[in-house]
file target.pdb (PDB, C-alpha atoms and all ligand atoms)
ATOM      1  CA  MET A 835      95.816 114.415 126.439
ATOM      2  CA  ASP A 836      93.667 113.078 123.623
ATOM      3  CA  GLU A 837      93.329 115.650 120.813
ATOM      4  CA  GLN A 838      89.991 114.315 119.538
ATOM      5  CA  THR A 839      88.445 114.547 123.017
ATOM      6  CA  LEU A 840      89.781 118.067 123.400
ATOM      7  CA  GLN A 841      88.190 119.110 120.111
ATOM      8  CA  GLU A 842      84.860 117.606 121.158
ATOM      9  CA  VAL A 843      84.977 119.522 124.481
ATOM     10  CA  ALA A 844      85.726 122.765 122.604
ATOM     11  CA  ARG A 845      82.793 122.086 120.252
ATOM     12  CA  ARG A 846      80.436 121.540 123.197
ATOM     13  CA  LEU A 847      81.695 124.737 124.876
ATOM     14  CA  HIS A 848      81.121 126.615 121.634
ATOM     15  CA  VAL A 849      77.415 125.674 121.463
ATOM     16  CA  ALA A 850      76.721 125.738 125.242
ATOM     17  CA  TRP A 851      74.175 128.154 126.749
ATOM     18  CA  LYS A 852      75.222 127.392 130.277
ATOM     19  CA  THR A 853      78.706 126.394 131.407
ATOM     20  CA  THR A 854      79.753 125.805 134.997
ATOM     21  CA  VAL A 855      83.341 125.383 136.152
ATOM     22  CA  LEU A 856      84.349 123.879 139.485
ATOM     23  CA  THR A 857      87.933 124.686 140.422
ATOM     24  CA  GLY A 858      90.247 123.447 143.152
ATOM     25  CA  ALA A 859      93.781 123.961 144.400
ATOM     26  CA  GLY A 860      95.320 122.386 141.273
ATOM     27  CA  LEU A 861      94.270 125.423 139.225
ATOM     28  CA  SER A 862      96.460 127.707 141.316
ATOM     29  CA  ALA A 863      99.371 125.241 141.501
ATOM     30  CA  ALA A 864     101.039 126.839 138.465
ATOM     31  CA  SER A 865     100.841 130.206 140.257
ATOM     32  CA  GLY A 866     102.873 128.794 143.146
ATOM     33  CA  VAL A 867     100.017 128.264 145.629
ATOM     34  CA  PRO A 868     100.476 124.861 147.305
ATOM     35  CA  THR A 869      97.724 122.219 147.020
ATOM     36  CA  PHE A 870      96.323 120.404 150.078
ATOM     37  CA  ARG A 871      96.644 116.752 149.133
ATOM     38  CA  GLY A 872      99.148 114.823 147.028
ATOM     39  CA  GLU A 873     102.866 114.437 147.460
ATOM     40  CA  GLU A 874     103.676 118.049 148.202
ATOM     41  CA  GLY A 875     100.268 118.993 149.600
ATOM     42  CA  LEU A 876      99.883 121.035 152.793
ATOM     43  CA  TRP A 877      97.952 118.267 154.550
ATOM     44  CA  ARG A 878     101.032 116.027 154.309
ATOM     45  CA  THR A 879     102.853 118.122 156.886
ATOM     46  CA  HIS A 880     100.073 120.139 158.576
ATOM     47  CA  ARG A 881      97.041 118.926 160.514
ATOM     48  CA  PRO A 882      93.778 120.324 159.099
ATOM     49  CA  GLU A 883      92.032 119.650 162.426
ATOM     50  CA  ASP A 884      94.510 122.028 164.149
ATOM     51  CA  LEU A 885      94.730 124.713 161.468
ATOM     52  CA  ALA A 886      91.500 124.793 159.516
ATOM     53  CA  SER A 887      88.728 123.583 161.787
ATOM     54  CA  VAL A 888      86.220 125.156 164.134
ATOM     55  CA  ASP A 889      87.612 123.177 167.099
ATOM     56  CA  GLY A 890      91.191 124.048 166.167
ATOM     57  CA  PHE A 891      90.329 127.765 166.127
ATOM     58  CA  ARG A 892      88.568 127.517 169.506
ATOM     59  CA  ARG A 893      91.540 125.695 171.032
ATOM     60  CA  ASP A 894      94.328 127.795 169.566
ATOM     61  CA  PRO A 895      93.324 130.905 167.551
ATOM     62  CA  HIS A 896      96.918 132.185 167.665
ATOM     63  CA  THR A 897      98.280 129.207 165.684
ATOM     64  CA  VAL A 898      95.384 129.345 163.194
ATOM     65  CA  TRP A 899      96.075 133.047 162.600
ATOM     66  CA  GLU A 900      99.846 132.508 162.259
ATOM     67  CA  TRP A 901      99.162 129.898 159.569
ATOM     68  CA  THR A 902      96.588 132.093 157.838
ATOM     69  CA  LEU A 903      98.981 135.064 157.721
ATOM     70  CA  GLU A 904     101.791 132.858 156.421
ATOM     71  CA  ARG A 905      99.519 131.740 153.535
ATOM     72  CA  LYS A 906      98.299 135.288 152.921
ATOM     73  CA  ARG A 907     101.909 136.480 152.529
ATOM     74  CA  LEU A 908     102.685 133.615 150.154
ATOM     75  CA  ILE A 909      99.552 134.197 148.049
ATOM     76  CA  ALA A 910     100.229 137.952 147.932
ATOM     77  CA  GLU A 911     103.393 137.089 145.966
ATOM     78  CA  CYS A 912     101.475 134.901 143.461
ATOM     79  CA  ALA A 913      99.778 136.031 140.270
ATOM     80  CA  PRO A 914      96.939 134.466 138.262
ATOM     81  CA  ASN A 915      98.223 131.990 135.663
ATOM     82  CA  ARG A 916      97.148 131.378 132.056
ATOM     83  CA  ALA A 917      94.339 129.024 133.181
ATOM     84  CA  HIS A 918      92.820 131.753 135.410
ATOM     85  CA  GLU A 919      93.132 134.176 132.499
ATOM     86  CA  VAL A 920      91.348 131.912 130.020
ATOM     87  CA  LEU A 921      88.471 131.359 132.479
ATOM     88  CA  ALA A 922      88.269 135.120 133.100
ATOM     89  CA  ASP A 923      88.022 135.700 129.361
ATOM     90  CA  TRP A 924      85.304 133.031 128.990
ATOM     91  CA  SER A 925      83.344 134.558 131.876
ATOM     92  CA  ARG A 926      82.938 137.682 129.724
ATOM     93  CA  ARG A 927      82.511 135.895 126.399
ATOM     94  CA  LEU A 928      80.458 132.714 126.903
ATOM     95  CA  PRO A 929      76.776 132.783 127.901
ATOM     96  CA  GLY A 930      75.624 131.526 131.334
ATOM     97  CA  PHE A 931      79.169 131.106 132.589
ATOM     98  CA  THR A 932      79.832 130.591 136.328
ATOM     99  CA  VAL A 933      82.974 129.630 138.204
ATOM    100  CA  LEU A 934      82.494 127.806 141.504
ATOM    101  CA  THR A 935      85.823 127.761 143.286
ATOM    102  CA  GLN A 936      86.982 125.967 146.393
ATOM    103  CA  ASN A 937      90.064 128.194 146.366
ATOM    104  CA  VAL A 938      90.366 130.994 148.894
ATOM    105  CA  ASP A 939      93.299 132.728 147.168
ATOM    106  CA  GLY A 940      91.232 135.296 145.214
ATOM    107  CA  LEU A 941      93.163 134.610 141.985
ATOM    108  CA  HIS A 942      89.993 134.204 139.869
ATOM    109  CA  ASP A 943      88.950 137.639 140.980
ATOM    110  CA  ARG A 944      92.378 139.116 140.309
ATOM    111  CA  ALA A 945      92.309 137.624 136.805
ATOM    112  CA  GLY A 946      89.093 139.590 136.195
ATOM    113  CA  THR A 947      86.588 136.721 136.289
ATOM    114  CA  ILE A 948      83.007 137.843 136.626
ATOM    115  CA  SER A 949      80.431 135.538 138.220
ATOM    116  CA  VAL A 950      82.799 133.651 140.515
ATOM    117  CA  LEU A 951      81.452 132.069 143.659
ATOM    118  CA  GLU A 952      84.028 131.435 146.397
ATOM    119  CA  LEU A 953      82.491 128.354 148.022
ATOM    120  CA  HIS A 954      85.060 128.151 150.833
ATOM    121  CA  GLY A 955      85.202 131.896 151.434
ATOM    122  CA  SER A 956      88.275 134.053 150.988
ATOM    123  CA  ILE A 957      91.589 134.369 152.750
ATOM    124  CA  TRP A 958      91.273 138.120 152.037
ATOM    125  CA  GLU A 959      88.227 138.428 154.296
ATOM    126  CA  VAL A 960      87.660 138.255 158.038
ATOM    127  CA  GLY A 961      84.655 138.102 160.337
ATOM    128  CA  CYS A 962      83.869 138.557 164.014
ATOM    129  CA  ALA A 963      84.351 135.203 165.770
ATOM    130  CA  LEU A 964      81.273 135.985 167.885
ATOM    131  CA  GLN A 965      79.300 137.339 164.907
ATOM    132  CA  CYS A 966      78.547 140.519 166.847
ATOM    133  CA  VAL A 967      75.410 142.348 165.793
ATOM    134  CA  ASP A 968      77.214 145.466 164.575
ATOM    135  CA  SER A 969      79.546 143.722 162.136
ATOM    136  CA  PRO A 970      78.830 142.405 158.650
ATOM    137  CA  ARG A 971      79.158 138.613 158.286
ATOM    138  CA  ARG A 972      82.492 139.081 156.497
ATOM    139  CA  TRP A 973      84.542 142.048 155.359
ATOM    140  CA  ARG A 974      87.673 142.548 153.300
ATOM    141  CA  ASP A 975      90.973 142.731 155.186
ATOM    142  CA  GLU A 976      94.166 142.561 153.144
ATOM    143  CA  ARG A 977      96.575 143.149 156.014
ATOM    144  CA  LEU A 978      99.521 140.746 156.089
ATOM    145  CA  GLU A 979     100.270 141.396 159.759
ATOM    146  CA  TYR A 980      98.454 142.777 162.764
ATOM    147  CA  PRO A 981      99.672 144.741 165.788
ATOM    148  CA  GLN A 982      98.688 141.656 167.813
ATOM    149  CA  THR A 983      97.873 138.063 166.868
ATOM    150  CA  PRO A 984      95.121 136.957 167.045
ATOM    151  CA  PRO A 985      93.593 140.238 165.867
ATOM    152  CA  THR A 986      90.408 141.604 167.412
ATOM    153  CA  CYS A 987      87.083 142.722 165.986
ATOM    154  CA  PHE A 988      86.951 146.422 165.157
ATOM    155  CA  TYR A 989      83.261 146.516 166.157
ATOM    156  CA  CYS A 990      83.151 144.667 169.516
ATOM    157  CA  GLY A 991      86.696 143.756 170.569
ATOM    158  CA  ALA A 992      86.161 139.962 170.383
ATOM    159  CA  LEU A 993      88.547 137.872 168.281
ATOM    160  CA  LEU A 994      88.549 138.123 164.505
ATOM    161  CA  ARG A 995      88.329 134.882 162.530
ATOM    162  CA  PRO A 996      89.682 134.133 159.053
ATOM    163  CA  GLY A 997      87.107 134.467 156.263
ATOM    164  CA  GLU A 998      87.593 130.895 155.072
ATOM    165  CA  VAL A 999      85.025 128.185 155.694
ATOM    166  CA  LEU A1000      86.510 125.910 158.371
ATOM    167  CA  PHE A1001      86.066 122.160 158.675
ATOM    168  CA  GLY A1002      83.015 121.647 160.858
ATOM    169  CA  GLU A1003      81.132 124.566 159.273
ATOM    170  CA  GLN A1004      78.417 124.542 156.631
ATOM    171  CA  LEU A1005      78.716 126.609 153.455
ATOM    172  CA  PRO A1006      76.725 129.842 153.791
ATOM    173  CA  LEU A1007      73.219 129.100 152.541
ATOM    174  CA  ASP A1008      73.271 131.755 149.805
ATOM    175  CA  SER A1009      76.509 130.313 148.324
ATOM    176  CA  ALA A1010      75.129 126.784 148.404
ATOM    177  CA  LEU A1011      71.903 127.851 146.711
ATOM    178  CA  ARG A1012      73.603 129.912 144.037
ATOM    179  CA  ALA A1013      76.038 127.065 143.328
ATOM    180  CA  ALA A1014      73.173 124.590 143.027
ATOM    181  CA  GLN A1015      71.402 126.948 140.621
ATOM    182  CA  ALA A1016      74.536 127.287 138.512
ATOM    183  CA  THR A1017      75.024 123.549 138.221
ATOM    184  CA  GLN A1018      71.486 122.550 137.382
ATOM    185  CA  ARG A1019      70.842 121.968 133.687
ATOM    186  CA  CYS A1020      74.250 123.227 132.625
ATOM    187  CA  ASP A1021      75.385 122.086 129.180
ATOM    188  CA  VAL A1022      79.040 121.681 130.150
ATOM    189  CA  MET A1023      80.677 121.311 133.522
ATOM    190  CA  LEU A1024      84.454 121.564 133.759
ATOM    191  CA  VAL A1025      86.000 120.119 136.930
ATOM    192  CA  ILE A1026      89.530 121.476 137.184
ATOM    193  CA  GLY A1027      92.309 120.648 139.655
ATOM    194  CA  THR A1028      90.336 119.165 142.531
ATOM    195  CA  THR A1029      90.373 115.792 144.285
ATOM    196  CA  ALA A1030      86.619 116.385 144.867
ATOM    197  CA  VAL A1031      86.831 114.756 148.279
ATOM    198  CA  VAL A1032      85.490 117.689 150.306
ATOM    199  CA  GLU A1033      81.726 118.065 150.235
ATOM    200  CA  PRO A1034      79.730 119.636 148.808
ATOM    201  CA  ALA A1035      82.083 119.898 145.801
ATOM    202  CA  ALA A1036      81.369 116.349 144.656
ATOM    203  CA  SER A1037      77.645 116.880 145.178
ATOM    204  CA  PHE A1038      77.692 119.808 142.774
ATOM    205  CA  ILE A1039      79.195 117.562 140.094
ATOM    206  CA  GLU A1040      76.491 114.997 140.810
ATOM    207  CA  MET A1041      73.837 117.700 140.613
ATOM    208  CA  ALA A1042      75.107 118.758 137.179
ATOM    209  CA  LYS A1043      75.024 115.231 135.825
ATOM    210  CA  SER A1044      72.318 114.653 133.201
ATOM    211  CA  PRO A1045      72.100 112.990 129.786
ATOM    212  CA  SER A1046      72.496 116.379 128.091
ATOM    213  CA  THR A1047      75.422 117.629 130.217
ATOM    214  CA  LEU A1048      79.053 116.980 129.390
ATOM    215  CA  VAL A1049      81.098 116.640 132.590
ATOM    216  CA  VAL A1050      84.803 117.105 131.877
ATOM    217  CA  GLU A1051      87.647 116.575 134.309
ATOM    218  CA  ILE A1052      90.917 118.458 133.752
ATOM    219  CA  ASN A1053      93.655 117.104 135.988
ATOM    220  CA  PRO A1054      97.035 115.403 135.492
ATOM    221  CA  GLU A1055      95.959 112.901 138.195
ATOM    222  CA  PRO A1056      92.212 112.504 137.826
ATOM    223  CA  SER A1057      90.039 112.176 140.924
ATOM    224  CA  GLN A1058      89.371 108.615 142.007
ATOM    225  CA  LYS A1059      86.421 109.472 144.195
ATOM    226  CA  ALA A1060      84.484 111.309 141.514
ATOM    227  CA  ALA A1061      85.662 109.224 138.520
ATOM    228  CA  TRP A1062      82.180 107.766 137.968
ATOM    229  CA  LEU A1063      80.783 111.269 137.467
ATOM    230  CA  MET A1064      83.086 112.230 134.618
ATOM    231  CA  ASP A1065      82.092 111.815 130.982
ATOM    232  CA  VAL A1066      85.543 112.659 129.686
ATOM    233  CA  VAL A1067      88.947 113.283 131.220
ATOM    234  CA  LEU A1068      91.659 115.573 129.860
ATOM    235  CA  LYS A1069      94.638 114.252 131.753
ATOM    236  CA  ALA A1070      97.097 117.165 131.782
ATOM    237  CA  PRO A1071      97.860 120.359 133.745
ATOM    238  CA  ALA A1072      95.157 123.041 133.694
ATOM    239  CA  VAL A1073      97.306 125.662 131.931
ATOM    240  CA  GLN A1074      98.079 123.332 129.051
ATOM    241  CA  VAL A1075      94.469 122.147 128.589
ATOM    242  CA  LEU A1076      92.796 125.562 128.898
ATOM    243  CA  ASP A1077      95.288 127.152 126.557
ATOM    244  CA  ARG A1078      94.523 124.510 123.889
ATOM    245  CA  LEU A1079      90.762 124.682 124.492
ATOM    246  CA  GLU A1080      90.864 128.452 124.071
ATOM    247  CA  GLU A1081      92.786 128.091 120.800
ATOM    248  CA  GLU A1082      90.236 125.587 119.502
ATOM    249  CA  LEU A1083      87.288 127.691 120.676
ATOM    250  CA  ARG A1084      88.655 130.781 118.894
ATOM    251  CA  ARG A1085      88.995 128.714 115.719
ATOM    252  CA  LEU A1086      85.350 127.585 115.974
ATOM    253  CA  GLU A1087      84.203 131.150 116.647
ATOM    254  CA  GLU A1088      86.087 132.402 113.595
ATOM    255  CA  LEU A1089      84.632 129.642 111.412
ATOM    256  CA  ALA A1090      81.135 130.521 112.649
ATOM    257  CA  SER A1091      81.601 134.225 111.936
ATOM    258  CA  THR A1092      82.967 133.653 108.413
ATOM    259  CA  SER A1093      80.064 131.338 107.575
ATOM    260  CA  GLU A1094      77.643 134.015 108.875
ATOM    261  CA  ASP A1095      79.343 136.624 106.633
ATOM    262  CA  ALA A1096      79.082 134.445 103.539
TER     263      ALA A1096
HETATM  264  P1  LIG B1101      93.522 119.091 146.685
HETATM  265  O1  LIG B1101      94.856 119.475 147.206
HETATM  266  O2  LIG B1101      92.741 118.043 147.420
HETATM  267  O3  LIG B1101      93.671 118.571 145.194
HETATM  268  C1  LIG B1101      94.440 119.232 144.242
HETATM  269  C2  LIG B1101      94.160 118.581 142.899
HETATM  270  O4  LIG B1101      94.820 119.334 141.911
HETATM  271  C3  LIG B1101      94.663 117.132 142.768
HETATM  272  O5  LIG B1101      93.660 116.331 142.176
HETATM  273  C4  LIG B1101      95.859 117.256 141.798
HETATM  274  O6  LIG B1101      96.008 116.099 140.971
HETATM  275  C5  LIG B1101      95.415 118.452 140.978
HETATM  276  N1  LIG B1101      96.503 119.201 140.318
HETATM  277  C6  LIG B1101      97.777 119.414 140.732
HETATM  278  N2  LIG B1101      98.437 120.184 139.845
HETATM  279  C7  LIG B1101      97.562 120.474 138.855
HETATM  280  C8  LIG B1101      97.625 121.243 137.656
HETATM  281  N3  LIG B1101      98.758 121.891 137.297
HETATM  282  N4  LIG B1101      96.517 121.327 136.885
HETATM  283  C9  LIG B1101      95.372 120.703 137.220
HETATM  284  N5  LIG B1101      95.254 119.951 138.354
HETATM  285  C10 LIG B1101      96.320 119.852 139.155
HETATM  286  O7  LIG B1101      92.687 120.443 146.523
HETATM  287  P2  LIG B1101      91.116 120.652 146.503
HETATM  288  O8  LIG B1101      90.421 119.525 145.834
HETATM  289  O9  LIG B1101      90.888 122.018 145.996
HETATM  290  O10 LIG B1101      89.162 123.238 152.004
HETATM  291  O11 LIG B1101      90.775 120.614 148.048
HETATM  292  C11 LIG B1101      89.466 120.837 148.464
HETATM  293  C12 LIG B1101      89.452 121.503 149.809
HETATM  294  O12 LIG B1101      90.214 120.744 150.752
HETATM  295  C13 LIG B1101      90.113 122.872 149.859
HETATM  296  O13 LIG B1101      89.270 123.907 149.399
HETATM  297  C14 LIG B1101      90.418 123.031 151.312
HETATM  298  C15 LIG B1101      91.005 121.673 151.553
HETATM  299  O14 LIG B1101      91.009 121.231 152.853
HETATM  300  C16 LIG B1101      89.110 124.001 153.095
HETATM  301  O15 LIG B1101      90.085 124.513 153.570
HETATM  302  C17 LIG B1101      87.722 124.151 153.672
END
call {"tool": "encode", "arguments": {"input": "target.pdb", "output": "structure tokens", "more": "lines below"}}
Ligand code: OAD
result
Amino acid sequence: MDEQTLQEVARRLHVAWKTTVLTGAGLSAASGVPTFRGEEGLWRTHRPEDLASVDGFRRDPHTVWEWTLERKRLIAECAPNRAHEVLADWSRRLPGFTVLTQNVDGLHDRAGTISVLELHGSIWEVGCALQCVDSPRRWRDERLEYPQTPPTCFYCGALLRPGEVLFGEQLPLDSALRAAQATQRCDVMLVIGTTAVVEPAASFIEMAKSPSTLVVEINPEPSQKAAWLMDVVLKAPAVQVLDRLEEELRRLEELASTSEDA
């Protein structure tokens, strides 16, 4: 990781009025949540079309639920890491700060981040598979097992579905709109721990791109697909980079407050 680049990113964060962060599975890797792609990624050994797609759920809801519950149990044992904590702190300290996450693990929320938008939904929510009129679109359900799998809707008795966005589904319109709003005219966009291959993640980076925006990728193996969108790359694990950025930002804040006092 280049120290001069890191200092420049911290300086831009310090003066930014609007900062947007796009996070992916790599952010939670240090917490023990497996990523999807890469050498040890889930999609190496599991088929997304069977486990995380609309057709897969229609064909075999039992298997989709077994997999969802297995991940819920694993995530329940994980805790937010230092990178989640730094972002949570910035969400309360920096102006116009939004986190757009593709992660469904809820770790941003558990770290205390305000203004986080879960683009792919949450593993801690469920919905009625038939979207019955009596039920909300999604509701919180932290159970790690059910009396029967697949579980059924409390309101109408149809099947429950996991709260995650499945392949073959659009993002809910309100999430997409709020994410677009957050990315437009931001001063800094941090893209952390994502291959940026699943849309609309890459489109949000493209939307943020402007001559006055600094787009920063933080990843030990930077994205090839979205490489052209990045202004600078900090090639290291998220925990290491965010910890250093926070240190540098604190230093700049202290300098600014002592020069105000003088
Ligand atoms: P991926 O598994 O595609 O990518 C994980 C990224 O994290 C890779 O670029 C790694 O290099 C990087 N990485 C690994 N360890 C890291 C660390 N310690 N610090 C920083 N980066 C690290 O995950 P996503 O891009 O999030 O969608 O995947 C996007 C979507 O595809 C997911 O939300 C999920 C999946 O299918 C749905 O389920 C709808």
call {"tool": "closest_atom_pairs", "arguments": {"input": "target.pdb", "of": "chain A", "to": "ligand LIG 1101 (chain B)", "cutoff": "7 Å", "atoms": "only C-alpha atoms and all ligand atoms", "output": "tab-separated table"}}
result
residue	atom	partner	partner_atom	distance
A:Thr857	CA	B:LIG1101	O9	6.8
A:Gly858	CA	B:LIG1101	O9	3.2
A:Ala859	CA	B:LIG1101	O9	3.8
A:Gly860	CA	B:LIG1101	O4	3.2
A:Leu861	CA	B:LIG1101	N4	5.2
A:Ala863	CA	B:LIG1101	N2	5.4
A:Ala864	CA	B:LIG1101	N3	5.6
A:Thr869	CA	B:LIG1101	O1	4.0
A:Phe870	CA	B:LIG1101	O1	3.4
A:Arg871	CA	B:LIG1101	O1	3.8
A:Gly872	CA	B:LIG1101	O1	6.3
A:Gly875	CA	B:LIG1101	O1	5.9
A:Pro882	CA	B:LIG1101	O14	6.9
A:Ala886	CA	B:LIG1101	O15	6.1
A:Gln936	CA	B:LIG1101	O13	4.3
A:Asn937	CA	B:LIG1101	O13	5.3
A:His954	CA	B:LIG1101	C17	5.6
A:Glu998	CA	B:LIG1101	C17	6.9
A:Val999	CA	B:LIG1101	C17	5.3
A:Leu1000	CA	B:LIG1101	C17	5.2
A:Phe1001	CA	B:LIG1101	C17	5.6
A:Ile1026	CA	B:LIG1101	C9	5.9
A:Gly1027	CA	B:LIG1101	N5	3.3
A:Thr1028	CA	B:LIG1101	O8	3.3
A:Thr1029	CA	B:LIG1101	O5	3.9
A:Ala1030	CA	B:LIG1101	O8	5.0
A:Val1031	CA	B:LIG1101	O8	6.5
A:Val1032	CA	B:LIG1101	C11	5.4
A:Ile1052	CA	B:LIG1101	C9	6.1
A:Asn1053	CA	B:LIG1101	N5	4.0
A:Pro1054	CA	B:LIG1101	O6	5.6
A:Glu1055	CA	B:LIG1101	O6	4.2
A:Pro1056	CA	B:LIG1101	O5	6.0
A:Ser1057	CA	B:LIG1101	O5	5.7
A:Ala1070	CA	B:LIG1101	N4	6.6
A:Pro1071	CA	B:LIG1101	N4	3.5
A:Ala1072	CA	B:LIG1101	N4	3.9
A:Val1073	CA	B:LIG1101	N4	6.6
call {"tool": "resolve_selection", "arguments": {"input": "target.pdb", "expression": "the PyMOL selection byres (((chain A and resi 938-952) around 8) and not hetatm)", "output": "PyMOL selection string"}}
result
chain A and resi 862+909+913-914+918-919+921-923+925-926+931-937+953-958+998+1009+1013
call {"tool": "residues_around", "arguments": {"input": "target.pdb", "residues": "region 836-840 of chain A", "least_positions_apart": "3", "cutoff": "10 Å", "atoms": "only C-alpha atoms", "output": "short mmCIF file (atom, residue, chain, number, x, y, z; two decimals) with C-alpha atoms, keeping the file's coordinate frame"}}
result
data_model
loop_
_atom_site.label_atom_id
_atom_site.label_comp_id
_atom_site.auth_asym_id
_atom_site.auth_seq_id
_atom_site.Cartn_x
_atom_site.Cartn_y
_atom_site.Cartn_z
CA VAL A 843 84.98 119.52 124.48
CA ALA A 844 85.73 122.76 122.60
CA ARG A 845 82.79 122.09 120.25
CA ARG A 846 80.44 121.54 123.20
CA VAL A 1050 84.80 117.10 131.88
CA VAL A 1066 85.54 112.66 129.69
CA VAL A 1067 88.95 113.28 131.22
CA LEU A 1068 91.66 115.57 129.86
CA LYS A 1069 94.64 114.25 131.75
CA ALA A 1070 97.10 117.16 131.78
CA VAL A 1075 94.47 122.15 128.59
CA LEU A 1076 92.80 125.56 128.90
CA ARG A 1078 94.52 124.51 123.89
CA LEU A 1079 90.76 124.68 124.49
CA GLU A 1082 90.24 125.59 119.50
#
call {"tool": "closest_residue", "arguments": {"input": "target.pdb", "among": "A:Leu876, A:Val888, A:Leu1024, A:Leu1063", "to": "Pro1045 (chain A)", "atoms": "only C-alpha atoms"}}
result
A:Leu1063
call {"tool": "atom_distance", "arguments": {"input": "target.pdb", "atom1": "CA of Cys912 (chain A)", "atom2": "CA of Gly866 (chain A)"}}
result
6.3 Å
call {"tool": "resolve_selection", "arguments": {"input": "target.pdb", "expression": "the PyMOL selection byres (((chain A and resi 928) around 9) and not hetatm)", "output": "compact mmCIF listing (two decimals) with C-alpha atoms, in the frame of the given file"}}
result
# COMPACT_ATOMS: atom_id res chain seq x y z
CA LEU A 847 81.69 124.74 124.88
CA HIS A 848 81.12 126.62 121.63
CA ALA A 850 76.72 125.74 125.24
CA TRP A 851 74.18 128.15 126.75
CA LYS A 852 75.22 127.39 130.28
CA THR A 853 78.71 126.39 131.41
CA ASP A 923 88.02 135.70 129.36
CA TRP A 924 85.30 133.03 128.99
CA SER A 925 83.34 134.56 131.88
CA ARG A 926 82.94 137.68 129.72
CA ARG A 927 82.51 135.90 126.40
CA PRO A 929 76.78 132.78 127.90
CA GLY A 930 75.62 131.53 131.33
CA PHE A 931 79.17 131.11 132.59
call {"tool": "atom_distance", "arguments": {"input": "target.pdb", "atom1": "CA of Thr983 (chain A)", "atom2": "CA of Gly997 (chain A)"}}
result
15.5 Å
call {"tool": "closest_atom_pairs", "arguments": {"input": "target.pdb", "of": "region 951-1054 of chain A", "to": "region 890-905 of chain A", "cutoff": "7 Å", "atoms": "all atoms listed in the file", "output": "Markdown table"}}
result
| residue | atom | partner | partner_atom | distance |
| --- | --- | --- | --- | --- |
| A:Leu978 | CA | A:Leu903 | CA | 5.9 |
| A:Glu979 | CA | A:Leu903 | CA | 6.8 |
| A:Thr983 | CA | A:His896 | CA | 6.0 |
| A:Pro984 | CA | A:His896 | CA | 5.1 |
call {"tool": "atom_distance", "arguments": {"input": "target.pdb", "atom1": "CA of Thr879 (chain A)", "atom2": "CA of Ala917 (chain A)"}}
result
27.4 Å
call {"tool": "closest_residue", "arguments": {"input": "target.pdb", "among": "A:Leu1011, A:Val920, A:Val967, A:Val1049", "to": "Val1025 (chain A)", "atoms": "all atoms listed in the file"}}
result
A:Val1049
call {"tool": "closest_residue", "arguments": {"input": "target.pdb", "among": "A:Gln841, A:Thr854, A:Ser969, A:Gln1004", "to": "Met1041 (chain A)", "atoms": "all atoms listed in the file"}}
result
A:Thr854
call {"tool": "build_atoms", "arguments": {"input": "target.pdb", "residues": "region 847-856 of chain A", "atoms": "N, CA, C and O atoms", "output": "PDB file, in the coordinates of the input"}}
result
ATOM      1  N   LEU A 847      81.614 123.404 124.234  1.00  0.00           N
ATOM      2  CA  LEU A 847      81.695 124.737 124.876  1.00  0.00           C
ATOM      3  C   LEU A 847      81.174 125.808 123.919  1.00  0.00           C
ATOM      4  O   LEU A 847      80.499 126.751 124.327  1.00  0.00           O
ATOM      5  N   HIS A 848      81.504 125.642 122.650  1.00  0.00           N
ATOM      6  CA  HIS A 848      81.121 126.615 121.634  1.00  0.00           C
ATOM      7  C   HIS A 848      79.601 126.743 121.502  1.00  0.00           C
ATOM      8  O   HIS A 848      79.075 127.835 121.273  1.00  0.00           O
ATOM      9  N   VAL A 849      78.880 125.624 121.653  1.00  0.00           N
ATOM     10  CA  VAL A 849      77.415 125.674 121.463  1.00  0.00           C
ATOM     11  C   VAL A 849      76.649 125.764 122.795  1.00  0.00           C
ATOM     12  O   VAL A 849      75.428 125.827 122.800  1.00  0.00           O
ATOM     13  N   ALA A 850      77.393 125.768 123.922  1.00  0.00           N
ATOM     14  CA  ALA A 850      76.721 125.738 125.242  1.00  0.00           C
ATOM     15  C   ALA A 850      76.033 127.060 125.561  1.00  0.00           C
ATOM     16  O   ALA A 850      76.533 128.134 125.231  1.00  0.00           O
ATOM     17  N   TRP A 851      74.862 126.966 126.235  1.00  0.00           N
ATOM     18  CA  TRP A 851      74.175 128.154 126.749  1.00  0.00           C
ATOM     19  C   TRP A 851      74.472 128.353 128.222  1.00  0.00           C
ATOM     20  O   TRP A 851      74.232 129.416 128.777  1.00  0.00           O
ATOM     21  N   LYS A 852      74.932 127.279 128.842  1.00  0.00           N
ATOM     22  CA  LYS A 852      75.222 127.392 130.277  1.00  0.00           C
ATOM     23  C   LYS A 852      76.429 126.510 130.601  1.00  0.00           C
ATOM     24  O   LYS A 852      76.378 125.290 130.398  1.00  0.00           O
ATOM     25  N   THR A 853      77.489 127.132 131.067  1.00  0.00           N
ATOM     26  CA  THR A 853      78.706 126.394 131.407  1.00  0.00           C
ATOM     27  C   THR A 853      79.077 126.692 132.853  1.00  0.00           C
ATOM     28  O   THR A 853      79.091 127.851 133.276  1.00  0.00           O
ATOM     29  N   THR A 854      79.360 125.641 133.605  1.00  0.00           N
ATOM     30  CA  THR A 854      79.753 125.805 134.997  1.00  0.00           C
ATOM     31  C   THR A 854      81.124 125.176 135.198  1.00  0.00           C
ATOM     32  O   THR A 854      81.384 124.085 134.685  1.00  0.00           O
ATOM     33  N   VAL A 855      81.980 125.877 135.927  1.00  0.00           N
ATOM     34  CA  VAL A 855      83.341 125.383 136.152  1.00  0.00           C
ATOM     35  C   VAL A 855      83.552 125.242 137.649  1.00  0.00           C
ATOM     36  O   VAL A 855      83.259 126.164 138.411  1.00  0.00           O
ATOM     37  N   LEU A 856      84.017 124.080 138.067  1.00  0.00           N
ATOM     38  CA  LEU A 856      84.349 123.879 139.485  1.00  0.00           C
ATOM     39  C   LEU A 856      85.863 123.804 139.582  1.00  0.00           C
ATOM     40  O   LEU A 856      86.481 122.954 138.933  1.00  0.00           O
TER      41      LEU A 856
END
